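Trainee: The structure file run_8.cif (mmCIF, C-alpha atoms) is provided below.
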data_entry
loop_
_atom_site.group_PDB
_atom_site.id
_atom_site.type_symbol
_atom_site.label_atom_id
_atom_site.label_comp_id
_atom_site.auth_asym_id
_atom_site.auth_seq_id
_atom_site.Cartn_x
_atom_site.Cartn_y
_atom_site.Cartn_z
ATOM 1 C CA MET A 1 -25.453 -6.750 -4.813
ATOM 2 C CA ALA A 2 -22.315 -8.297 -6.324
ATOM 3 C CA PRO A 3 -19.481 -5.931 -7.228
ATOM 4 C CA ALA A 4 -18.992 -4.830 -10.820
ATOM 5 C CA TYR A 5 -16.020 -6.180 -12.758
ATOM 6 C CA VAL A 6 -14.218 -3.622 -14.911
ATOM 7 C CA ALA A 7 -11.325 -4.452 -17.221
ATOM 8 C CA VAL A 8 -8.560 -1.935 -17.757
ATOM 9 C CA VAL A 9 -6.702 -2.568 -20.990
ATOM 10 C CA GLY A 10 -3.777 -0.822 -22.609
ATOM 11 C CA PRO A 11 -0.248 -1.222 -23.905
ATOM 12 C CA GLY A 12 2.580 -2.993 -22.144
ATOM 13 C CA GLU A 13 4.851 -0.074 -23.040
ATOM 14 C CA PRO A 14 2.733 3.044 -22.485
ATOM 15 C CA ALA A 15 3.597 6.720 -22.331
ATOM 16 C CA ALA A 16 4.072 8.264 -18.887
ATOM 17 C CA ALA A 17 0.694 10.045 -19.036
ATOM 18 C CA GLU A 18 -1.020 6.733 -19.811
ATOM 19 C CA LEU A 19 0.603 5.148 -16.753
ATOM 20 C CA GLU A 20 -0.657 8.017 -14.593
ATOM 21 C CA HIS A 21 -4.194 7.625 -15.960
ATOM 22 C CA ALA A 22 -4.151 3.851 -15.474
ATOM 23 C CA GLU A 23 -2.954 4.088 -11.877
ATOM 24 C CA ALA A 24 -5.584 6.706 -11.039
ATOM 25 C CA ILE A 25 -8.276 4.592 -12.706
ATOM 26 C CA GLY A 26 -7.244 1.528 -10.709
ATOM 27 C CA ARG A 27 -7.365 3.532 -7.497
ATOM 28 C CA GLU A 28 -10.823 4.951 -8.310
ATOM 29 C CA LEU A 29 -12.154 1.506 -9.236
ATOM 30 C CA ALA A 30 -10.991 0.108 -5.887
ATOM 31 C CA ARG A 31 -12.579 3.010 -4.017
ATOM 32 C CA ALA A 32 -15.839 2.193 -5.820
ATOM 33 C CA GLY A 33 -15.640 -1.452 -4.705
ATOM 34 C CA VAL A 34 -15.071 -2.756 -8.222
ATOM 35 C CA VAL A 35 -13.101 -5.888 -9.093
ATOM 36 C CA LEU A 36 -10.331 -4.889 -11.499
ATOM 37 C CA VAL A 37 -9.608 -7.303 -14.358
ATOM 38 C CA THR A 38 -6.446 -6.991 -16.463
ATOM 39 C CA GLY A 39 -4.122 -9.107 -18.546
ATOM 40 C CA GLY A 40 -1.913 -9.271 -15.446
ATOM 41 C CA LEU A 41 1.387 -8.113 -16.937
ATOM 42 C CA GLY A 42 3.200 -4.747 -17.172
ATOM 43 C CA GLY A 43 2.533 -1.267 -18.462
ATOM 44 C CA VAL A 44 -1.064 -0.085 -18.174
ATOM 45 C CA MET A 45 -2.008 -3.415 -16.583
ATOM 46 C CA SER A 46 0.468 -3.092 -13.716
ATOM 47 C CA ALA A 47 -0.234 0.616 -13.237
ATOM 48 C CA ALA A 48 -3.969 -0.058 -12.877
ATOM 49 C CA CYS A 49 -3.282 -2.926 -10.471
ATOM 50 C CA ARG A 50 -0.879 -0.767 -8.463
ATOM 51 C CA GLY A 51 -3.526 1.938 -8.139
ATOM 52 C CA ALA A 52 -6.200 -0.551 -7.093
ATOM 53 C CA ALA A 53 -3.889 -2.242 -4.592
ATOM 54 C CA SER A 54 -3.007 1.124 -3.043
ATOM 55 C CA ALA A 55 -6.710 1.592 -2.248
ATOM 56 C CA GLY A 56 -7.246 -1.974 -0.987
ATOM 57 C CA GLY A 57 -8.900 -3.265 -4.163
ATOM 58 C CA LEU A 58 -9.148 -6.757 -5.603
ATOM 59 C CA THR A 59 -7.237 -7.320 -8.852
ATOM 60 C CA VAL A 60 -7.525 -10.266 -11.223
ATOM 61 C CA GLY A 61 -4.857 -10.960 -13.838
ATOM 62 C CA LEU A 62 -5.701 -13.273 -16.752
ATOM 63 C CA LEU A 63 -2.209 -14.198 -17.855
ATOM 64 C CA PRO A 64 -1.255 -15.192 -21.395
ATOM 65 C CA GLY A 65 1.152 -17.926 -20.292
ATOM 66 C CA GLN A 66 1.092 -20.806 -17.879
ATOM 67 C CA ASP A 67 3.221 -19.293 -15.106
ATOM 68 C CA ARG A 68 1.287 -17.662 -12.279
ATOM 69 C CA LYS A 69 4.520 -15.978 -11.168
ATOM 70 C CA ALA A 70 4.557 -13.897 -14.366
ATOM 71 C CA ALA A 71 1.826 -11.654 -12.926
ATOM 72 C CA ASN A 72 2.750 -8.161 -11.840
ATOM 73 C CA GLU A 73 3.222 -7.772 -8.096
ATOM 74 C CA TRP A 74 -0.124 -6.027 -7.583
ATOM 75 C CA VAL A 75 -2.293 -8.852 -8.963
ATOM 76 C CA THR A 76 -4.333 -10.425 -6.163
ATOM 77 C CA VAL A 77 -5.664 -13.375 -8.186
ATOM 78 C CA ALA A 78 -3.366 -14.613 -10.981
ATOM 79 C CA LEU A 79 -5.013 -16.959 -13.480
ATOM 80 C CA PRO A 80 -2.652 -18.464 -16.070
ATOM 81 C CA THR A 81 -4.532 -19.274 -19.274
ATOM 82 C CA GLY A 82 -1.842 -20.627 -21.606
ATOM 83 C CA LEU A 83 -3.737 -18.853 -24.414
ATOM 84 C CA GLY A 84 -1.270 -16.133 -25.364
ATOM 85 C CA GLU A 85 -2.996 -13.105 -26.880
ATOM 86 C CA LEU A 86 -6.222 -15.088 -27.163
ATOM 87 C CA ARG A 87 -6.675 -14.389 -23.452
ATOM 88 C CA ASN A 88 -7.773 -10.887 -24.518
ATOM 89 C CA GLY A 89 -11.206 -12.379 -25.172
ATOM 90 C CA LEU A 90 -11.339 -13.716 -21.624
ATOM 91 C CA VAL A 91 -10.393 -10.325 -20.185
ATOM 92 C CA VAL A 92 -13.286 -8.727 -22.063
ATOM 93 C CA ARG A 93 -15.778 -11.509 -21.271
ATOM 94 C CA ALA A 94 -14.960 -11.287 -17.557
ATOM 95 C CA ALA A 95 -15.865 -7.578 -17.514
ATOM 96 C CA ASP A 96 -19.093 -5.629 -17.172
ATOM 97 C CA ALA A 97 -17.317 -2.684 -18.824
ATOM 98 C CA VAL A 98 -13.872 -1.952 -20.275
ATOM 99 C CA ILE A 99 -11.691 1.106 -19.825
ATOM 100 C CA ALA A 100 -9.051 1.418 -22.555
ATOM 101 C CA VAL A 101 -6.035 3.573 -21.731
ATOM 102 C CA GLY A 102 -3.718 4.341 -24.616
ATOM 103 C CA GLY A 103 -3.482 1.690 -27.221
ATOM 104 C CA ALA A 104 -1.399 -0.726 -29.143
ATOM 105 C CA TYR A 105 -2.763 -3.536 -31.317
ATOM 106 C CA GLY A 106 -3.573 -5.751 -28.325
ATOM 107 C CA THR A 107 -5.680 -2.913 -26.936
ATOM 108 C CA LEU A 108 -7.364 -2.536 -30.294
ATOM 109 C CA SER A 109 -8.268 -6.237 -30.273
ATOM 110 C CA GLU A 110 -9.749 -5.942 -26.775
ATOM 111 C CA ILE A 111 -11.796 -2.904 -27.787
ATOM 112 C CA ALA A 112 -13.072 -4.736 -30.867
ATOM 113 C CA LEU A 113 -13.967 -7.856 -28.889
ATOM 114 C CA ALA A 114 -15.773 -5.782 -26.274
ATOM 115 C CA LEU A 115 -17.787 -3.836 -28.832
ATOM 116 C CA ARG A 116 -18.579 -7.026 -30.758
ATOM 117 C CA THR A 117 -19.949 -8.704 -27.623
ATOM 118 C CA GLY A 118 -21.848 -5.726 -26.239
ATOM 119 C CA VAL A 119 -19.418 -4.839 -23.447
ATOM 120 C CA PRO A 120 -19.295 -1.032 -23.150
ATOM 121 C CA VAL A 121 -15.934 0.667 -23.670
ATOM 122 C CA VAL A 122 -14.741 3.943 -22.196
ATOM 123 C CA GLY A 123 -11.483 5.331 -23.570
ATOM 124 C CA VAL A 124 -8.760 7.590 -22.230
ATOM 125 C CA ARG A 125 -6.242 8.604 -24.904
ATOM 126 C CA THR A 126 -7.058 5.491 -26.934
ATOM 127 C CA TRP A 127 -8.171 4.499 -30.429
ATOM 128 C CA GLU A 128 -10.866 6.696 -31.966
ATOM 129 C CA ILE A 129 -13.509 4.127 -32.826
ATOM 130 C CA ASP A 130 -17.295 4.358 -33.080
ATOM 131 C CA GLY A 131 -18.735 2.938 -29.890
ATOM 132 C CA VAL A 132 -15.835 3.963 -27.640
ATOM 133 C CA GLU A 133 -16.842 6.788 -25.339
ATOM 134 C CA GLU A 134 -13.804 9.020 -24.921
ATOM 135 C CA VAL A 135 -13.255 10.820 -21.596
ATOM 136 C CA THR A 136 -10.347 12.850 -20.284
ATOM 137 C CA SER A 137 -10.024 11.952 -16.607
ATOM 138 C CA ALA A 138 -9.697 8.851 -14.465
ATOM 139 C CA GLU A 139 -12.647 9.889 -12.330
ATOM 140 C CA ARG A 140 -14.910 10.319 -15.344
ATOM 141 C CA ALA A 141 -13.702 7.042 -16.887
ATOM 142 C CA VAL A 142 -14.652 5.105 -13.757
ATOM 143 C CA GLN A 143 -17.943 6.945 -13.312
ATOM 144 C CA ARG A 144 -18.970 6.334 -16.912
ATOM 145 C CA ALA A 145 -17.818 2.700 -16.956
ATOM 146 C CA LEU A 146 -19.910 2.003 -13.865
ATOM 147 C CA GLU A 147 -22.948 3.759 -15.344
ATOM 148 C CA LEU A 148 -22.626 1.696 -18.522
ATOM 149 C CA ALA A 149 -22.101 -1.539 -16.570
ATOM 150 C CA VAL A 150 -25.327 -0.913 -14.630
ATOM 151 C CA GLN A 151 -27.231 -0.124 -17.847
ATOM 152 C CA ARG A 152 -25.930 -3.290 -19.426
ATOM 153 C CA ALA A 153 -26.966 -5.419 -16.421
ATOM 154 C CA SER A 154 -30.536 -4.097 -16.417
#
As structure tokens, how would this structure be written, given the file I've shared?
Mentor:
Amino acid sequence: MAPAYVAVVGPGEPAAAELEHAEAIGRELARAGVVLVTGGLGGVMSAACRGAASAGGLTVGLLPGQDRKAANEWVTVALPTGLGELRNGLVVRAADAVIAVGGAYGTLSEIALALRTGVPVVGVRTWEIDGVEEVTSAERAVQRALELAVQRAS
């Protein structure tokens, strides 16, 4: 069976607790054999990638610009899109489930795109929106995202 792809989305300038959650989520996703998809830059994206890399995971960064070198150092596969913030749609479409950590307006757009296209969203300290399943721990976020990804695939 092919691995699940889970996107971790969140602000580029998160609070310290959000960084801790994102790194733990990335680590748990890697331990579960999941491919981590992010926007490839800093903040929550780099924390999740750092966590996944620490556990030997595969990370994909869909970058807003055209420079592959703009990716954070923990991105395994850097894909420049040249689409700016429009790449948020690609991040969501590449995922079987989305975990939102914290939230700025870019995160809000990714949540909305995911919900609009039927991609399940699990949230940790993020926007309170119908359809987003809020959890309090990294372990539960990963567990629930994987459960929802399997349900969606069947």
Trainee: A:Asn88, A:Thr76, A:Gln143, A:Gln66: which is nearest Ala52 of chain A, counting all atoms listed in the file?
Mentor: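 Ranked by minimum distance to Ala52 of chain A, first place goes to A:Thr76.
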Trainee: Exactly which residues make up the result of the PyMOL selection byres ((chain A and resi 102) around 10) on this file, given as number ranges by chain?
Mentor: A: 9-15, 17-19, 21-22, 44, 99-101, 103-104, 107-108, 123-127
Trainee: Residues picked by the PyMOL selection byres ((chain A and resi 110) around 10) here, as a list in words?
Mentor: Ala7, Val8, Val9, Gly10, Glu85, Leu86, Arg87, Asn88, Gly89, Leu90, Val91, Val92, Arg93, Val98, Ala100, Gly103, Tyr105, Gly106, Thr107, Leu108, Ser109, Ile111, Ala112, Leu113, Ala114, Leu115, Arg116 and Val121 of chain A
Trainee: Give as a ChimeraX atom specification the residues that the PyMOL selection byres ((chain A and resi 40) around 10) matches when applied to the coordinates above.
Mentor: /A:9,37-39,41-46,48-49,59-64,68,70-80,91
Trainee: By how many Å are atom CA of Ala53 of chain A and atom CA of Ala30 of chain A apart?
Mentor: 7.6 Å
Trainee: What is the distance between atom CA of Gln151 of chain A and atom CA of Ala47 of chain A, in Å to one decimal?
Mentor: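 Separation of atom CA of Gln151 of chain A and atom CA of Ala47 of chain A: 27.4 Å.
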Trainee: Enter the distance from atom CA of Ala4 of chain A to atom CA of Val34 of chain A, in Å, rounded to one decimal.
Mentor: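 Here the two named atoms are 5.1 Å from each other.
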Trainee: I'd like to know which of A:Val122, A:Ala97, A:Ala141, A:Ile25 is closest to Arg50 of chain A, using only C-alpha atoms.
Mentor: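 Counting only C-alpha atoms, the residue closest to Arg50 of chain A is A:Ile25.
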Trainee: Between A:Ala2, A:Ala55, A:Ala16, A:Ala32, which has the minimum distance to Val142 of chain A (counting all atoms listed in the file)?
Mentor: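 Going through A:Ala2, A:Ala55, A:Ala16, A:Ala32 one by one, the smallest distance to Val142 of chain A is for A:Ala32.
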Trainee: If I wrap all listed atoms of segment 75-81 of chain A in a box with edges along x, y and z and add 4 Å on each side, what are its centre and edge lengths in Å to one decimal, as lines of an AutoDock Vina configuration file?
Mentor:
center_x = -4.0
center_y = -14.1
center_z = -12.7
size_x = 11.4
size_y = 18.4
size_z = 21.1
Trainee: Taking all atoms listed in the file into account, which of A:Asp96, A:Asp67, A:Glu23, A:Glu147 comes nearest Gly118 of chain A?
Mentor: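 The answer is A:Asp96, which sits nearest to Gly118 of chain A.
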